[in-house]
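entry.tsv, holding TSV, C-alpha atoms:
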chain	number	residue	atom	x	y	z
A	435	ASP	CA	14.06	-69.38	11.63
A	436	THR	CA	11.41	-66.90	12.82
A	437	GLY	CA	12.49	-66.55	16.43
A	438	VAL	CA	13.70	-63.42	18.20
A	439	SER	CA	17.05	-62.21	16.90
A	440	GLN	CA	19.55	-59.82	18.45
A	441	ASP	CA	22.55	-58.05	17.06
A	442	PRO	CA	25.40	-57.99	17.86
A	443	ARG	CA	25.86	-61.16	19.88
A	444	HIS	CA	28.94	-59.81	21.60
A	445	LYS	CA	30.17	-56.27	22.17
A	446	ILE	CA	33.37	-55.14	23.85
A	447	THR	CA	33.67	-51.44	24.48
A	448	LYS	CA	35.73	-49.04	26.51
A	449	ARG	CA	34.28	-47.21	29.47
A	450	GLY	CA	32.66	-43.97	28.41
A	451	GLN	CA	31.70	-45.12	24.91
A	452	ASN	CA	28.13	-45.39	23.65
A	453	VAL	CA	26.71	-48.70	22.44
A	454	THR	CA	23.51	-49.63	20.64
A	455	PHE	CA	21.88	-53.04	20.44
A	456	ARG	CA	19.16	-54.20	18.08
A	457	CYS	CA	16.32	-56.66	18.62
A	458	ASP	CA	14.01	-58.12	15.97
A	459	PRO	CA	10.99	-59.76	17.62
A	460	ILE	CA	8.87	-62.58	16.30
A	461	SER	CA	6.78	-61.26	13.46
A	462	GLU	CA	3.36	-59.96	14.56
A	463	HIS	CA	4.27	-59.97	18.26
A	464	ASN	CA	2.91	-56.78	19.75
A	465	ARG	CA	4.97	-56.72	22.91
A	466	LEU	CA	8.72	-56.38	23.20
A	467	TYR	CA	10.78	-56.47	26.38
A	468	TRP	CA	14.38	-55.75	27.33
A	469	TYR	CA	16.08	-57.47	30.26
A	470	ARG	CA	19.58	-57.48	31.72
A	471	GLN	CA	21.12	-60.61	33.21
A	472	THR	CA	24.33	-60.98	35.17
A	473	LEU	CA	26.03	-64.21	36.17
A	474	GLY	CA	24.07	-66.22	38.70
A	475	GLN	CA	21.01	-63.97	38.52
A	476	GLY	CA	17.70	-64.18	36.73
A	477	PRO	CA	16.79	-61.69	33.99
A	478	GLU	CA	16.09	-58.23	35.39
A	479	PHE	CA	13.36	-56.21	33.67
A	480	LEU	CA	14.47	-52.97	31.97
A	481	THR	CA	11.65	-51.77	29.74
A	482	TYR	CA	8.63	-52.87	27.73
A	483	PHE	CA	6.83	-51.81	24.53
A	484	GLN	CA	3.30	-52.39	23.36
A	485	ASN	CA	3.65	-51.83	19.61
A	486	GLU	CA	5.63	-48.57	19.33
A	487	ALA	CA	4.64	-47.22	22.76
A	488	GLN	CA	7.09	-47.61	25.65
A	489	LEU	CA	4.69	-48.44	28.49
A	490	GLU	CA	7.01	-49.21	31.34
A	491	LYS	CA	10.55	-48.48	32.36
A	492	SER	CA	12.27	-49.97	35.39
A	493	ARG	CA	13.12	-47.59	38.20
A	494	LEU	CA	16.54	-49.21	38.12
A	495	LEU	CA	17.17	-47.91	34.60
A	496	SER	CA	19.40	-44.86	34.67
A	497	ASP	CA	19.10	-41.92	32.30
A	498	ARG	CA	22.02	-43.31	30.32
A	499	PHE	CA	19.73	-46.03	28.96
A	500	SER	CA	17.21	-45.36	26.22
A	501	ALA	CA	15.12	-47.66	24.08
A	502	GLU	CA	13.01	-47.16	20.99
A	503	ARG	CA	10.65	-49.16	18.85
A	504	PRO	CA	9.87	-46.62	16.14
A	505	LYS	CA	7.59	-48.63	13.86
A	506	GLY	CA	6.38	-51.21	16.30
A	507	SER	CA	8.69	-53.85	14.84
A	508	PHE	CA	12.40	-53.93	15.74
A	509	SER	CA	13.75	-52.16	18.82
A	510	THR	CA	17.06	-50.58	19.79
A	511	LEU	CA	18.59	-50.20	23.24
A	512	GLU	CA	21.27	-47.56	23.62
A	513	ILE	CA	23.61	-47.15	26.56
A	514	GLN	CA	25.47	-43.86	26.75
A	515	ARG	CA	28.75	-43.30	28.59
A	516	THR	CA	29.10	-46.98	29.46
A	517	GLU	CA	30.39	-48.01	32.88
A	518	GLN	CA	32.00	-51.27	33.96
A	519	GLY	CA	28.83	-52.07	35.91
A	520	ASP	CA	26.94	-52.19	32.63
A	521	SER	CA	28.74	-55.41	31.69
A	522	ALA	CA	26.00	-58.02	31.39
A	523	MET	CA	23.92	-60.05	28.98
A	524	TYR	CA	21.14	-57.94	27.45
A	525	LEU	CA	18.16	-60.06	26.53
A	526	CYS	CA	15.25	-59.12	24.32
A	527	ALA	CA	11.94	-60.97	24.40
A	528	SER	CA	8.64	-60.68	22.58
A	529	SER	CA	5.13	-61.93	23.20
A	530	PRO	CA	1.89	-61.91	21.21
A	531	GLY	CA	0.14	-59.48	23.55
A	532	THR	CA	-3.27	-60.78	22.52
A	533	GLY	CA	-4.38	-62.45	25.73
A	534	GLY	CA	-4.00	-66.02	26.88
A	535	ILE	CA	-0.75	-67.17	28.40
A	536	ASP	CA	1.23	-64.50	26.51
A	537	GLU	CA	4.53	-66.24	27.22
A	538	GLN	CA	7.67	-64.39	26.34
A	539	TYR	CA	10.10	-65.74	23.74
A	540	PHE	CA	13.69	-64.73	24.29
A	541	GLY	CA	16.42	-63.89	21.83
A	542	PRO	CA	19.99	-65.18	22.18
A	543	GLY	CA	21.13	-61.99	23.90
A	544	THR	CA	23.92	-59.47	23.43
A	545	ARG	CA	26.84	-59.93	25.81
A	546	LEU	CA	28.35	-56.55	26.67
A	547	THR	CA	31.81	-56.24	28.18
A	548	VAL	CA	32.93	-52.79	29.30
A	549	THR	CA	36.67	-52.50	29.83
B	89	GLY	CA	6.85	-55.84	44.32
B	90	GLN	CA	7.71	-59.50	44.46
B	91	ASN	CA	10.03	-61.66	46.51
B	92	ILE	CA	10.84	-64.88	44.67
B	93	ASP	CA	12.91	-67.55	46.35
B	94	GLN	CA	14.29	-70.77	44.88
B	95	PRO	CA	17.29	-72.94	45.77
B	96	THR	CA	20.58	-71.87	44.23
B	97	GLU	CA	21.83	-75.30	43.21
B	98	MET	CA	20.64	-78.91	43.07
B	99	THR	CA	22.23	-82.16	41.96
B	100	ALA	CA	20.36	-85.26	40.81
B	101	THR	CA	21.16	-88.57	39.15
B	102	GLU	CA	20.35	-89.46	35.56
B	103	GLY	CA	17.03	-91.30	35.37
B	104	ALA	CA	15.82	-89.96	38.71
B	105	ILE	CA	13.11	-87.42	39.60
B	106	VAL	CA	13.87	-83.94	40.93
B	107	GLN	CA	11.58	-81.26	42.36
B	108	ILE	CA	12.58	-77.60	42.23
B	109	ASN	CA	10.62	-75.38	44.61
B	110	CYS	CA	9.75	-71.72	44.27
B	111	THR	CA	8.07	-69.46	46.81
B	112	TYR	CA	6.86	-65.96	46.09
B	113	GLN	CA	5.11	-62.96	47.57
B	114	THR	CA	3.04	-60.72	45.35
B	115	SER	CA	-0.10	-58.59	45.47
B	116	GLY	CA	-1.57	-58.83	41.97
B	117	PHE	CA	-0.77	-62.38	40.91
B	118	ASN	CA	-1.44	-63.18	37.25
B	119	GLY	CA	0.48	-66.38	36.63
B	120	LEU	CA	3.69	-68.25	37.30
B	121	PHE	CA	6.13	-69.35	34.62
B	122	TRP	CA	9.04	-71.76	34.56
B	123	TYR	CA	11.87	-71.24	32.10
B	124	GLN	CA	14.90	-73.39	31.32
B	125	GLN	CA	18.22	-71.72	30.58
B	126	HIS	CA	21.30	-73.58	29.43
B	127	ALA	CA	24.63	-71.89	30.13
B	128	GLY	CA	25.25	-69.03	27.71
B	129	GLU	CA	21.85	-69.38	26.07
B	130	ALA	CA	18.51	-67.60	26.27
B	131	PRO	CA	15.71	-68.79	28.58
B	132	THR	CA	13.12	-71.04	26.95
B	133	PHE	CA	9.53	-71.36	28.14
B	134	LEU	CA	8.64	-74.59	29.96
B	135	SER	CA	5.32	-74.16	31.71
B	136	TYR	CA	2.64	-71.80	32.99
B	137	ASN	CA	0.26	-72.01	35.96
B	138	VAL	CA	-2.42	-69.50	36.85
B	139	LEU	CA	-4.87	-71.78	38.70
B	140	ASP	CA	-4.08	-74.11	41.58
B	141	GLY	CA	-3.05	-77.60	40.65
B	142	LEU	CA	-0.73	-79.61	38.49
B	143	GLU	CA	0.08	-79.02	34.82
B	144	GLU	CA	1.80	-81.90	33.06
B	145	LYS	CA	3.79	-81.67	29.86
B	146	GLY	CA	5.77	-84.79	29.03
B	147	ARG	CA	8.60	-85.33	31.50
B	148	PHE	CA	7.97	-81.91	33.06
B	149	SER	CA	5.16	-80.98	35.47
B	150	SER	CA	4.51	-77.79	37.36
B	151	PHE	CA	2.35	-77.25	40.44
B	152	LEU	CA	0.88	-74.09	41.91
B	153	SER	CA	-0.72	-73.19	45.23
B	154	ARG	CA	-1.76	-69.54	45.18
B	155	SER	CA	-2.81	-69.47	48.83
B	156	LYS	CA	0.64	-70.65	49.89
B	157	GLY	CA	2.59	-68.63	47.31
B	158	TYR	CA	4.28	-71.83	46.25
B	159	SER	CA	5.13	-73.65	43.05
B	160	TYR	CA	7.34	-76.52	42.07
B	161	LEU	CA	8.75	-77.88	38.84
B	162	LEU	CA	9.01	-81.67	38.66
B	163	LEU	CA	11.40	-83.27	36.20
B	164	LYS	CA	11.09	-87.02	35.63
B	165	GLU	CA	13.45	-89.50	33.98
B	166	LEU	CA	16.29	-87.02	34.17
B	167	GLN	CA	18.65	-86.82	31.23
B	168	MET	CA	22.11	-85.27	31.07
B	169	LYS	CA	20.75	-82.57	28.76
B	170	ASP	CA	18.47	-81.40	31.59
B	171	SER	CA	21.52	-79.86	33.28
B	172	ALA	CA	20.61	-76.18	33.18
B	173	SER	CA	19.28	-73.33	35.27
B	174	TYR	CA	15.56	-73.32	35.96
B	175	LEU	CA	13.98	-69.92	36.43
B	176	CYS	CA	10.76	-69.29	38.31
B	177	ALA	CA	9.00	-66.09	37.18
B	178	VAL	CA	5.88	-64.43	38.54
B	179	ARG	CA	3.64	-62.12	36.54
B	180	ASP	CA	1.70	-59.60	38.51
B	181	TRP	CA	-0.11	-56.33	38.07
B	182	ASP	CA	2.07	-53.28	38.62
B	183	SER	CA	-0.41	-50.60	39.65
B	184	GLY	CA	2.21	-47.88	39.37
B	185	ALA	CA	2.94	-48.72	35.76
B	186	GLY	CA	-0.59	-49.81	34.87
B	187	SER	CA	0.63	-53.02	33.27
B	188	TYR	CA	1.67	-56.57	34.00
B	189	GLN	CA	5.27	-57.26	34.84
B	190	LEU	CA	7.24	-60.51	34.87
B	191	THR	CA	9.78	-60.86	37.67
B	192	PHE	CA	12.32	-63.67	37.66
B	193	GLY	CA	13.90	-65.50	40.55
B	194	LYS	CA	17.65	-66.01	40.57
B	195	GLY	CA	17.33	-69.49	39.13
B	196	THR	CA	18.21	-72.98	40.32
B	197	LYS	CA	21.26	-74.53	38.71
B	198	LEU	CA	20.55	-78.24	38.23
B	199	SER	CA	23.41	-80.65	37.64
B	200	VAL	CA	22.51	-84.12	36.39
B	201	ILE	CA	25.20	-86.70	37.11
B	202	PRO	CA	25.58	-90.22	35.67
This structure in structure tokens:
Amino acid sequence: DTGVSQDPRHKITKRGQNVTFRCDPISEHNRLYWYRQTLGQGPEFLTYFQNEAQLEKSRLLSDRFSAERPKGSFSTLEIQRTEQGDSAMYLCASSPGTGGIDEQYFGPGTRLTVT
Amino acid sequence: GQNIDQPTEMTATEGAIVQINCTYQTSGFNGLFWYQQHAGEAPTFLSYNVLDGLEEKGRFSSFLSRSKGYSYLLLKELQMKDSASYLCAVRDWDSGAGSYQLTFGKGTKLSVIP
């Protein structure tokens, strides 16, 4: 299967701990996105990469969140000093970034529970 | 920014037709997407409209009117497996960021009953 993959699928952590999630996009997709989704809501944009460059970061993203895509392939999203409000599904998506429709393909998500 | 509005829930009967509406407000429109999301799963791409009119893809069709800020997703010959959330998403130009951004509505939860 060559779709978007995310690891881990589930993460339970205690408030105040740091967590890191990984996303592997579809091979040769230039663009990679991170979203957060809570129950009954649509995905909420967090940040976006064009190759290794982080081009946009949501104003809603606090300083506790950081993302990297060091070689323009996989990406990591780190949350420092987690809070209960961080509990959500974290979705990663990728797109070709070469024009046309450029639809985003989503991974299965990482469900974070902060206790 | 965008303001995307779609009904929270809908119920329809197996074999019937259902129309899910979406209205939006945006300044740099660059396309409207519909995604399907089953409970606990990732969204999957259904359709894309950037010009006015109807796009048909099997049992699913999507319509766009840019002047009215309106789209709908039409599902025909409903099947039980169509029970899912349907997300309307608008892509527009974010001048502050200098890039396109995709903003999702809250989704419409469709329940298909026998």
Restricting the calculation to all atoms listed in the file, which member of B:Ser149, B:Ser187, B:Thr96, B:Gln124 is positioned closest to Leu175 of chain B?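 Ranking B:Ser149, B:Ser187, B:Thr96, B:Gln124 by distance to Leu175 of chain B, first place goes to B:Gln124.
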Restricting the calculation to all atoms listed in the file: of B:Glu144, B:Asp170, B:Glu129, B:Asp93, which residue gets closest to chain A?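 Closest to chain A of all the choices is B:Glu129.
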Mind running segment 104-190 of chain B against segment 457-468 of chain A at 12 Å and telling me each contacting residue's nearest atom pair with the distance in Å (one decimal), counting all atoms listed in the file, chain and number ascending, as JSON lines?
{"residue": "B:Ser187", "atom": "CA", "partner": "A:Arg465", "partner_atom": "CA", "distance": 11.8}
{"residue": "B:Tyr188", "atom": "CA", "partner": "A:Arg465", "partner_atom": "CA", "distance": 11.6}
{"residue": "B:Gln189", "atom": "CA", "partner": "A:Tyr467", "partner_atom": "CA", "distance": 10.1}
{"residue": "B:Leu190", "atom": "CA", "partner": "A:Tyr467", "partner_atom": "CA", "distance": 10.0}
Polymer residues at most 9 Å from Val138 of chain B, only C-alpha atoms, same-chain spacing of 2 or more positions, as number ranges by chain: A: 535; B: 117-121, 136, 140-141, 152, 154
Tell me which protein, DNA and RNA residues are within 7 Å of Ser159 of chain B, counting only C-alpha atoms, leaving out same-chain ones fewer than 3 positions away, and put them as a list in words.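 Listed by chain and then number, they are Asn109, Cys110, Thr111, Phe151, Leu152 and Ser153 of chain B.
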Would you mind exporting C-alpha atoms of the selected residues as a PDB file, in the frame of the given file?
ATOM      1  CA  ASN B 109      10.620 -75.380  44.610  1.00  0.00           C
ATOM      2  CA  CYS B 110       9.750 -71.720  44.270  1.00  0.00           C
ATOM      3  CA  THR B 111       8.070 -69.460  46.810  1.00  0.00           C
ATOM      4  CA  PHE B 151       2.350 -77.250  40.440  1.00  0.00           C
ATOM      5  CA  LEU B 152       0.880 -74.090  41.910  1.00  0.00           C
ATOM      6  CA  SER B 153      -0.720 -73.190  45.230  1.00  0.00           C
TER       7      SER B 153
END
Return as a PyMOL selection string the residues belonging to chain A that are within 8 Å of chain B, counting all atoms listed in the file. chain A and resi 474-479+489-490+525+535+537-543
What would the file look like if the residues just selected were written as a PDB file, keeping the file's coordinate frame with C-alpha atoms?
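This is the output file selection_17.pdb:
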ATOM      1  CA  GLY A 474      24.070 -66.220  38.700  1.00  0.00           C
ATOM      2  CA  GLN A 475      21.010 -63.970  38.520  1.00  0.00           C
ATOM      3  CA  GLY A 476      17.700 -64.180  36.730  1.00  0.00           C
ATOM      4  CA  PRO A 477      16.790 -61.690  33.990  1.00  0.00           C
ATOM      5  CA  GLU A 478      16.090 -58.230  35.390  1.00  0.00           C
ATOM      6  CA  PHE A 479      13.360 -56.210  33.670  1.00  0.00           C
ATOM      7  CA  LEU A 489       4.690 -48.440  28.490  1.00  0.00           C
ATOM      8  CA  GLU A 490       7.010 -49.210  31.340  1.00  0.00           C
ATOM      9  CA  LEU A 525      18.160 -60.060  26.530  1.00  0.00           C
ATOM     10  CA  ILE A 535      -0.750 -67.170  28.400  1.00  0.00           C
ATOM     11  CA  GLU A 537       4.530 -66.240  27.220  1.00  0.00           C
ATOM     12  CA  GLN A 538       7.670 -64.390  26.340  1.00  0.00           C
ATOM     13  CA  TYR A 539      10.100 -65.740  23.740  1.00  0.00           C
ATOM     14  CA  PHE A 540      13.690 -64.730  24.290  1.00  0.00           C
ATOM     15  CA  GLY A 541      16.420 -63.890  21.830  1.00  0.00           C
ATOM     16  CA  PRO A 542      19.990 -65.180  22.180  1.00  0.00           C
ATOM     17  CA  GLY A 543      21.130 -61.990  23.900  1.00  0.00           C
TER      18      GLY A 543
END
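Atom to atom, atom CA of Arg443 of chain A and atom CA of Tyr524 of chain A stand 9.5 Å apart.
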Contacts of Ser521 of chain A within 6 Å, all atoms listed in the file, excl. fewer than 4 positions in-chain, as a PDB file with C-alpha atoms, keeping the file's coordinate frame:
ATOM      1  CA  LEU A 546      28.350 -56.550  26.670  1.00  0.00           C
ATOM      2  CA  THR A 547      31.810 -56.240  28.180  1.00  0.00           C
ATOM      3  CA  VAL A 548      32.930 -52.790  29.300  1.00  0.00           C
TER       4      VAL A 548
END
